[in-house]
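Participant: Handing you this structure, nothing more for now.
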Amino acid sequence: MTTTVSRLRVLSYNIAGRRGDRAAQARLVRDLAPDVALVQEAPRRLGWRYRCAALAHAWGMVVAVGGMPAMGNLVLTSLRVQVVRTWCVRFPLTPGRHLRGAAFAHCRLPDGAELVAVGAHLATDPVERPSQADRLRALLDELDLPVVLGADVNDEPGSHAWRALTGRLRDPAAGLAPVATFPRSGRRIDAVFVDGRLTVAGYRVVDTPAARAASDHLPVVADVEVPRSGQVRAGPR
C-alpha cells in the first residue's frame with residue numbers, strides 16, 4: 001500500500017543576488033519554514049562557499065548543493081531532510097551571455113520517501129532560453145524518482161520554456177488566477193513544478209511588504225506529499 005509522509009514544504013526564491021533587505025529576507029524564510037529551498041541568484045563568485053553557508057545559516061537551513069558549480073542555483077534543506085546525492089549541470093554557453101545551470105539533490109525524508117529537488121534559472125534571452133528549457137527537460141526525464149523543480153523560467157505560462165518543463169511536471173497554479181512573481185513587470189515567471197506522483201496540498205505566491213523589500217522576485221511555496229518510493233534510481237541514466 002502506498003503511504004505518504006507529512007507535508008514537505010518547498011520554497012522557490014530568486015533572491016536577486018541578495019541586493020534586497022537581507023534581514024527581512026531571513027525573517028520571511030524562517031517564518032515560511034521550508035524543508036527544501038530552491039534558490040536562484042545565490043552567491044556564485046568570490047567567497048561563494050562562505051556566502052552560501054552564511055545564507056543557509058541566516059535562514060536556519062544547511063547547504064545541500066549549488067553556488068558556483070550550478071551558476072548561482074542553490075539547494076538548501078532543513079535538518080529533517082537527508083541529502084543522499086547531489087550534482088550540478090551547466091547549460092551550453094552562448095558567447096556574450098551569462099552561463100546558466102541547475103542544481104540537483106536526491107533527498108530522503110524521515111519515513112524513507114525520496115525525491116529529487118532541482119533548482120534552475122533560465123536565460124533572459126528569448127533565443128537562448130528555449131534550448132535551455134529543452135535541455136533541462138531532458139535531464140529531468142532521466143530521473144526515476146519523483147521530482148520537484150523550483151525555477152525562475154524568465155518566461156510565462158504558454159511559452160516554449162514553460163511547456164517544455166510541464167511536459168514532465170505539472171504547474172500547480174495552472175487554472176488559478178495568475179499572481180505575478182516579478183512585480184516590477186507584473187509577470188508570473190517563477191514557479192514550483194511538481195511531479196504527477198506528488199500530491200500538492202497547498203501552493204501560493206507570498207506577496208507581503210516584507211517579501212517586496214527582500215527581493216524583486218516573490219517567493220513561491222508548495223506543500224507536497226511524497227509517496228514511499230522503494231529502491232529506485234535517483235541519478236542520471
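Quick note on naming: the chains in the C-alpha cells go A, B, ... in the order shown, residues restart at 1 in each chain, and ligands are numbered from 1 in order of appearance.
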I need the strand (DSSP E) residues of chain A per DSSP on the backbone, written as an mmCIF file with N, CA, C and O atoms, in the first residue's frame.
Facilitator:
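What ended up in out-v4.cif:
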```
data_model
loop_
_atom_site.group_PDB
_atom_site.id
_atom_site.type_symbol
_atom_site.label_atom_id
_atom_site.label_comp_id
_atom_site.auth_asym_id
_atom_site.auth_seq_id
_atom_site.Cartn_x
_atom_site.Cartn_y
_atom_site.Cartn_z
ATOM 1 N N LEU A 8 5.772 18.130 2.885
ATOM 2 C CA LEU A 8 7.105 18.682 2.660
ATOM 3 C C LEU A 8 6.911 20.070 2.061
ATOM 4 O O LEU A 8 6.258 20.218 1.026
ATOM 5 N N ARG A 9 7.466 21.070 2.707
ATOM 6 C CA ARG A 9 7.312 22.437 2.196
ATOM 7 C C ARG A 9 8.510 22.795 1.322
ATOM 8 O O ARG A 9 9.667 22.699 1.756
ATOM 9 N N VAL A 10 8.226 23.206 0.095
ATOM 10 C CA VAL A 10 9.253 23.548 -0.883
ATOM 11 C C VAL A 10 9.127 25.028 -1.227
ATOM 12 O O VAL A 10 8.035 25.513 -1.542
ATOM 13 N N LEU A 11 10.236 25.725 -1.169
ATOM 14 C CA LEU A 11 10.301 27.147 -1.480
ATOM 15 C C LEU A 11 11.154 27.355 -2.723
ATOM 16 O O LEU A 11 12.255 26.799 -2.819
ATOM 17 N N SER A 12 10.653 28.123 -3.688
ATOM 18 C CA SER A 12 11.471 28.577 -4.809
ATOM 19 C C SER A 12 11.583 30.088 -4.704
ATOM 20 O O SER A 12 10.570 30.790 -4.587
ATOM 21 N N TYR A 13 12.830 30.600 -4.778
ATOM 22 C CA TYR A 13 13.023 32.007 -4.446
ATOM 23 C C TYR A 13 14.236 32.559 -5.190
ATOM 24 O O TYR A 13 15.362 32.112 -4.993
ATOM 25 N N ASN A 14 14.005 33.541 -6.042
ATOM 26 C CA ASN A 14 15.094 34.299 -6.652
ATOM 27 C C ASN A 14 15.410 35.455 -5.725
ATOM 28 O O ASN A 14 14.588 36.370 -5.547
ATOM 29 N N VAL A 36 12.787 22.353 1.975
ATOM 30 C CA VAL A 36 13.714 22.466 0.856
ATOM 31 C C VAL A 36 13.548 23.856 0.260
ATOM 32 O O VAL A 36 12.428 24.280 -0.031
ATOM 33 N N ALA A 37 14.652 24.567 0.084
ATOM 34 C CA ALA A 37 14.640 25.869 -0.572
ATOM 35 C C ALA A 37 15.463 25.792 -1.845
ATOM 36 O O ALA A 37 16.631 25.382 -1.815
ATOM 37 N N LEU A 38 14.841 26.154 -2.967
ATOM 38 C CA LEU A 38 15.481 26.151 -4.279
ATOM 39 C C LEU A 38 15.698 27.608 -4.650
ATOM 40 O O LEU A 38 14.754 28.330 -4.965
ATOM 41 N N VAL A 39 16.953 28.024 -4.593
ATOM 42 C CA VAL A 39 17.302 29.442 -4.623
ATOM 43 C C VAL A 39 17.962 29.784 -5.943
ATOM 44 O O VAL A 39 18.857 29.073 -6.411
ATOM 45 N N GLN A 40 17.542 30.894 -6.536
ATOM 46 C CA GLN A 40 18.189 31.427 -7.729
ATOM 47 C C GLN A 40 18.911 32.733 -7.366
ATOM 48 O O GLN A 40 18.478 33.461 -6.481
ATOM 49 N N VAL A 62 20.651 24.268 5.878
ATOM 50 C CA VAL A 62 22.013 23.851 5.547
ATOM 51 C C VAL A 62 22.136 23.738 4.033
ATOM 52 O O VAL A 62 21.152 23.520 3.325
ATOM 53 N N VAL A 63 23.359 23.880 3.548
ATOM 54 C CA VAL A 63 23.620 23.791 2.114
ATOM 55 C C VAL A 63 23.638 22.332 1.680
ATOM 56 O O VAL A 63 24.362 21.512 2.255
ATOM 57 N N ALA A 64 22.858 22.022 0.652
ATOM 58 C CA ALA A 64 22.915 20.695 0.042
ATOM 59 C C ALA A 64 23.849 20.709 -1.157
ATOM 60 O O ALA A 64 24.748 19.878 -1.272
ATOM 61 N N VAL A 65 23.643 21.651 -2.071
ATOM 62 C CA VAL A 65 24.434 21.698 -3.297
ATOM 63 C C VAL A 65 24.197 23.041 -3.973
ATOM 64 O O VAL A 65 23.173 23.686 -3.770
ATOM 65 N N GLY A 66 25.159 23.448 -4.786
ATOM 66 C CA GLY A 66 24.967 24.640 -5.612
ATOM 67 C C GLY A 66 26.011 25.700 -5.376
ATOM 68 O O GLY A 66 27.116 25.415 -4.924
ATOM 69 N N LEU A 74 21.042 27.188 -5.911
ATOM 70 C CA LEU A 74 21.437 26.663 -4.610
ATOM 71 C C LEU A 74 20.268 25.887 -4.021
ATOM 72 O O LEU A 74 19.125 26.356 -4.050
ATOM 73 N N VAL A 75 20.551 24.689 -3.513
ATOM 74 C CA VAL A 75 19.553 23.890 -2.814
ATOM 75 C C VAL A 75 19.915 23.865 -1.338
ATOM 76 O O VAL A 75 21.011 23.431 -0.968
ATOM 77 N N LEU A 76 18.990 24.329 -0.510
ATOM 78 C CA LEU A 76 19.135 24.284 0.940
ATOM 79 C C LEU A 76 18.086 23.337 1.500
ATOM 80 O O LEU A 76 17.005 23.176 0.931
ATOM 81 N N THR A 77 18.388 22.717 2.646
ATOM 82 C CA THR A 77 17.432 21.811 3.273
ATOM 83 C C THR A 77 17.375 22.062 4.774
ATOM 84 O O THR A 77 18.312 22.592 5.376
ATOM 85 N N GLN A 82 17.346 14.297 4.621
ATOM 86 C CA GLN A 82 18.668 13.694 4.391
ATOM 87 C C GLN A 82 19.022 13.831 2.918
ATOM 88 O O GLN A 82 18.243 13.446 2.046
ATOM 89 N N VAL A 83 20.183 14.378 2.651
ATOM 90 C CA VAL A 83 20.644 14.527 1.264
ATOM 91 C C VAL A 83 21.525 13.329 0.928
ATOM 92 O O VAL A 83 22.578 13.132 1.530
ATOM 93 N N VAL A 84 21.073 12.541 -0.031
ATOM 94 C CA VAL A 84 21.738 11.283 -0.377
ATOM 95 C C VAL A 84 22.824 11.504 -1.416
ATOM 96 O O VAL A 84 23.919 10.953 -1.319
ATOM 97 N N ARG A 85 22.533 12.325 -2.408
ATOM 98 C CA ARG A 85 23.466 12.543 -3.507
ATOM 99 C C ARG A 85 23.167 13.894 -4.135
ATOM 100 O O ARG A 85 22.010 14.338 -4.148
ATOM 101 N N THR A 86 24.184 14.559 -4.649
ATOM 102 C CA THR A 86 23.980 15.843 -5.307
ATOM 103 C C THR A 86 24.796 15.919 -6.590
ATOM 104 O O THR A 86 25.814 15.235 -6.732
ATOM 105 N N TRP A 87 24.343 16.753 -7.511
ATOM 106 C CA TRP A 87 25.119 17.028 -8.718
ATOM 107 C C TRP A 87 24.642 18.336 -9.333
ATOM 108 O O TRP A 87 23.545 18.822 -9.026
ATOM 109 N N CYS A 88 25.474 18.911 -10.167
ATOM 110 C CA CYS A 88 25.179 20.172 -10.842
ATOM 111 C C CYS A 88 25.398 20.005 -12.342
ATOM 112 O O CYS A 88 26.206 19.171 -12.767
ATOM 113 N N VAL A 89 24.687 20.800 -13.111
ATOM 114 C CA VAL A 89 24.903 20.840 -14.554
ATOM 115 C C VAL A 89 24.989 22.297 -14.992
ATOM 116 O O VAL A 89 24.470 23.198 -14.321
ATOM 117 N N ARG A 90 25.666 22.490 -16.110
ATOM 118 C CA ARG A 90 25.714 23.816 -16.732
ATOM 119 C C ARG A 90 25.206 23.709 -18.154
ATOM 120 O O ARG A 90 25.520 22.738 -18.856
ATOM 121 N N GLY A 101 22.804 27.287 -15.253
ATOM 122 C CA GLY A 101 22.882 25.892 -14.862
ATOM 123 C C GLY A 101 21.738 25.475 -13.972
ATOM 124 O O GLY A 101 20.724 26.172 -13.860
ATOM 125 N N ALA A 102 21.908 24.326 -13.322
ATOM 126 C CA ALA A 102 20.889 23.783 -12.430
ATOM 127 C C ALA A 102 21.569 22.952 -11.348
ATOM 128 O O ALA A 102 22.673 22.429 -11.543
ATOM 129 N N ALA A 103 20.909 22.833 -10.206
ATOM 130 C CA ALA A 103 21.406 22.058 -9.074
ATOM 131 C C ALA A 103 20.402 20.963 -8.742
ATOM 132 O O ALA A 103 19.182 21.206 -8.744
ATOM 133 N N PHE A 104 20.911 19.758 -8.448
ATOM 134 C CA PHE A 104 20.074 18.590 -8.187
ATOM 135 C C PHE A 104 20.453 18.001 -6.824
ATOM 136 O O PHE A 104 21.632 17.829 -6.527
ATOM 137 N N ALA A 105 19.440 17.636 -6.040
ATOM 138 C CA ALA A 105 19.680 16.977 -4.754
ATOM 139 C C ALA A 105 18.690 15.831 -4.582
ATOM 140 O O ALA A 105 17.470 16.047 -4.597
ATOM 141 N N HIS A 106 19.220 14.625 -4.460
ATOM 142 C CA HIS A 106 18.406 13.441 -4.133
ATOM 143 C C HIS A 106 18.183 13.475 -2.628
ATOM 144 O O HIS A 106 19.125 13.393 -1.839
ATOM 145 N N CYS A 107 16.922 13.617 -2.229
ATOM 146 C CA CYS A 107 16.567 13.808 -0.821
ATOM 147 C C CYS A 107 15.785 12.605 -0.296
ATOM 148 O O CYS A 107 14.954 12.032 -1.006
ATOM 149 N N ARG A 108 16.044 12.256 0.962
ATOM 150 C CA ARG A 108 15.290 11.200 1.636
ATOM 151 C C ARG A 108 14.637 11.801 2.881
ATOM 152 O O ARG A 108 15.280 12.524 3.655
ATOM 153 N N GLU A 114 11.434 9.356 -0.968
ATOM 154 C CA GLU A 114 12.533 10.018 -1.666
ATOM 155 C C GLU A 114 12.007 10.855 -2.834
ATOM 156 O O GLU A 114 10.965 10.543 -3.415
ATOM 157 N N LEU A 115 12.770 11.869 -3.166
ATOM 158 C CA LEU A 115 12.504 12.680 -4.347
ATOM 159 C C LEU A 115 13.790 13.375 -4.746
ATOM 160 O O LEU A 115 14.762 13.400 -3.984
ATOM 161 N N VAL A 116 13.787 13.955 -5.949
ATOM 162 C CA VAL A 116 14.904 14.786 -6.386
ATOM 163 C C VAL A 116 14.416 16.226 -6.438
ATOM 164 O O VAL A 116 13.424 16.536 -7.119
ATOM 165 N N ALA A 117 15.097 17.094 -5.702
ATOM 166 C CA ALA A 117 14.802 18.523 -5.697
ATOM 167 C C ALA A 117 15.763 19.211 -6.658
ATOM 168 O O ALA A 117 16.981 18.998 -6.596
ATOM 169 N N VAL A 118 15.217 20.033 -7.549
ATOM 170 C CA VAL A 118 16.006 20.656 -8.607
ATOM 171 C C VAL A 118 15.749 22.156 -8.597
ATOM 172 O O VAL A 118 14.598 22.603 -8.515
ATOM 173 N N GLY A 119 16.808 22.929 -8.691
ATOM 174 C CA GLY A 119 16.698 24.376 -8.826
ATOM 175 C C GLY A 119 17.358 24.834 -10.106
ATOM 176 O O GLY A 119 18.448 24.370 -10.449
ATOM 177 N N ALA A 120 16.687 25.744 -10.841
ATOM 178 C CA ALA A 120 17.223 26.196 -12.127
ATOM 179 C C ALA A 120 16.815 27.638 -12.386
ATOM 180 O O ALA A 120 15.813 28.126 -11.856
ATOM 181 N N HIS A 121 17.603 28.279 -13.239
ATOM 182 C CA HIS A 121 17.361 29.671 -13.628
ATOM 183 C C HIS A 121 17.669 29.781 -15.117
ATOM 184 O O HIS A 121 18.827 29.645 -15.526
ATOM 185 N N VAL A 147 10.069 14.220 -8.860
ATOM 186 C CA VAL A 147 10.864 15.445 -8.982
ATOM 187 C C VAL A 147 10.034 16.648 -8.559
ATOM 188 O O VAL A 147 8.833 16.731 -8.850
ATOM 189 N N VAL A 148 10.682 17.572 -7.880
ATOM 190 C CA VAL A 148 10.115 18.897 -7.655
ATOM 191 C C VAL A 148 11.146 19.905 -8.146
ATOM 192 O O VAL A 148 12.339 19.805 -7.825
ATOM 193 N N LEU A 149 10.699 20.835 -8.968
ATOM 194 C CA LEU A 149 11.583 21.806 -9.602
ATOM 195 C C LEU A 149 11.168 23.212 -9.197
ATOM 196 O O LEU A 149 10.009 23.595 -9.365
ATOM 197 N N GLY A 150 12.107 23.974 -8.669
ATOM 198 C CA GLY A 150 11.889 25.388 -8.415
ATOM 199 C C GLY A 150 12.700 26.181 -9.413
ATOM 200 O O GLY A 150 13.923 26.001 -9.501
ATOM 201 N N ALA A 151 12.040 27.036 -10.190
ATOM 202 C CA ALA A 151 12.742 27.691 -11.288
ATOM 203 C C ALA A 151 12.274 29.122 -11.493
ATOM 204 O O ALA A 151 11.085 29.430 -11.357
ATOM 205 N N ASP A 152 13.241 29.965 -11.847
ATOM 206 C CA ASP A 152 12.950 31.242 -12.483
ATOM 207 C C ASP A 152 13.039 30.963 -13.976
ATOM 208 O O ASP A 152 14.129 30.823 -14.523
ATOM 209 N N ASP A 190 8.179 32.749 -12.119
ATOM 210 C CA ASP A 190 8.772 31.837 -11.145
ATOM 211 C C ASP A 190 7.724 30.807 -10.745
ATOM 212 O O ASP A 190 6.539 31.122 -10.628
ATOM 213 N N ALA A 191 8.156 29.573 -10.480
ATOM 214 C CA ALA A 191 7.192 28.539 -10.117
ATOM 215 C C ALA A 191 7.877 27.377 -9.423
ATOM 216 O O ALA A 191 9.095 27.183 -9.530
ATOM 217 N N VAL A 192 7.061 26.600 -8.720
ATOM 218 C CA VAL A 192 7.437 25.271 -8.278
ATOM 219 C C VAL A 192 6.658 24.299 -9.152
ATOM 220 O O VAL A 192 5.421 24.312 -9.155
ATOM 221 N N PHE A 193 7.368 23.491 -9.913
ATOM 222 C CA PHE A 193 6.757 22.473 -10.771
ATOM 223 C C PHE A 193 6.858 21.129 -10.054
ATOM 224 O O PHE A 193 7.898 20.800 -9.480
ATOM 225 N N VAL A 194 5.805 20.343 -10.141
ATOM 226 C CA VAL A 194 5.681 19.164 -9.284
ATOM 227 C C VAL A 194 5.390 17.914 -10.116
ATOM 228 O O VAL A 194 4.549 17.928 -11.014
ATOM 229 N N THR A 199 1.423 14.717 -4.350
ATOM 230 C CA THR A 199 0.165 15.388 -4.067
ATOM 231 C C THR A 199 0.448 16.800 -3.587
ATOM 232 O O THR A 199 1.230 17.000 -2.651
ATOM 233 N N VAL A 200 -0.174 17.788 -4.220
ATOM 234 C CA VAL A 200 0.009 19.180 -3.821
ATOM 235 C C VAL A 200 -1.074 19.546 -2.812
ATOM 236 O O VAL A 200 -2.267 19.541 -3.129
ATOM 237 N N ALA A 201 -0.658 19.840 -1.587
ATOM 238 C CA ALA A 201 -1.598 20.187 -0.530
ATOM 239 C C ALA A 201 -1.795 21.695 -0.398
ATOM 240 O O ALA A 201 -2.751 22.142 0.235
ATOM 241 N N GLY A 202 -0.904 22.475 -0.981
ATOM 242 C CA GLY A 202 -1.010 23.925 -0.915
ATOM 243 C C GLY A 202 0.005 24.561 -1.828
ATOM 244 O O GLY A 202 1.083 24.003 -2.060
ATOM 245 N N TYR A 203 -0.351 25.735 -2.370
ATOM 246 C CA TYR A 203 0.539 26.429 -3.302
ATOM 247 C C TYR A 203 0.216 27.914 -3.240
ATOM 248 O O TYR A 203 -0.960 28.296 -3.317
ATOM 249 N N ARG A 204 1.244 28.748 -3.099
ATOM 250 C CA ARG A 204 0.983 30.185 -3.040
ATOM 251 C C ARG A 204 2.224 30.990 -3.386
ATOM 252 O O ARG A 204 3.368 30.514 -3.242
ATOM 253 N N VAL A 205 1.967 32.191 -3.846
ATOM 254 C CA VAL A 205 2.995 33.209 -4.025
ATOM 255 C C VAL A 205 2.891 34.152 -2.825
ATOM 256 O O VAL A 205 1.801 34.632 -2.511
ATOM 257 N N VAL A 220 7.808 31.575 -3.926
ATOM 258 C CA VAL A 220 6.731 30.644 -4.261
ATOM 259 C C VAL A 220 6.861 29.439 -3.331
ATOM 260 O O VAL A 220 7.953 28.882 -3.179
ATOM 261 N N VAL A 221 5.746 29.040 -2.715
ATOM 262 C CA VAL A 221 5.757 27.960 -1.732
ATOM 263 C C VAL A 221 4.774 26.878 -2.155
ATOM 264 O O VAL A 221 3.628 27.173 -2.513
ATOM 265 N N ALA A 222 5.232 25.632 -2.116
ATOM 266 C CA ALA A 222 4.363 24.486 -2.383
ATOM 267 C C ALA A 222 4.486 23.495 -1.233
ATOM 268 O O ALA A 222 5.597 23.174 -0.799
ATOM 269 N N ASP A 223 3.358 23.028 -0.742
ATOM 270 C CA ASP A 223 3.322 21.949 0.244
ATOM 271 C C ASP A 223 2.942 20.666 -0.497
ATOM 272 O O ASP A 223 1.868 20.598 -1.116
ATOM 273 N N VAL A 224 3.816 19.677 -0.438
ATOM 274 C CA VAL A 224 3.593 18.448 -1.199
ATOM 275 C C VAL A 224 3.699 17.231 -0.285
ATOM 276 O O VAL A 224 4.329 17.272 0.771
ATOM 277 N N GLU A 225 3.069 16.154 -0.713
ATOM 278 C CA GLU A 225 3.189 14.864 -0.041
ATOM 279 C C GLU A 225 3.894 13.904 -0.987
ATOM 280 O O GLU A 225 3.568 13.846 -2.181
#
```
Participant: Please provide as a list in words all residues within 8 Å of Phe91 in chain A, with the sequence filter that same-chain residues fewer than 6 positions apart are discarded (counting only C-alpha atoms).
Facilitator: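 The filter keeps Leu99, Arg100, Gly101, Gln132 and Arg135 of chain A.
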Participant: Just the residues within 10 Å of Asp171 in chain A, please, counting only C-alpha atoms, with nothing from its chain fewer than 2 positions along; format it as a list in words.
Facilitator: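 Returned residues: Pro157, Trp162, Arg163, Leu165, Thr166, Gly167, Leu169, Ala173, Ala174, Gly175, Ala191, Val192, Phe193, Val194, Asp195, Gly196 and Tyr203 of chain A.
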Participant: From a DSSP pass on the backbone, collect the residues of range 32-233 of chain A flagged as helix (DSSP H, G or I) and hand them back as number ranges by chain.
Facilitator: A: 32, 48-59, 68-70, 129-141, 160-168, 209-214
Participant: Work out how far apart CA of Ala213 in chain A and CA of Ala56 in chain A are and give it in Å to one decimal.
Facilitator: 19.1 Å
Participant: Under the rule that only C-alpha atoms are counted, which of A:Arg197, A:Arg170, A:Ser215, A:Arg184 is the nearest residue to Asp144 in chain A?
Facilitator: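 That would be A:Arg197, the residue with the smallest distance to Asp144 in chain A.
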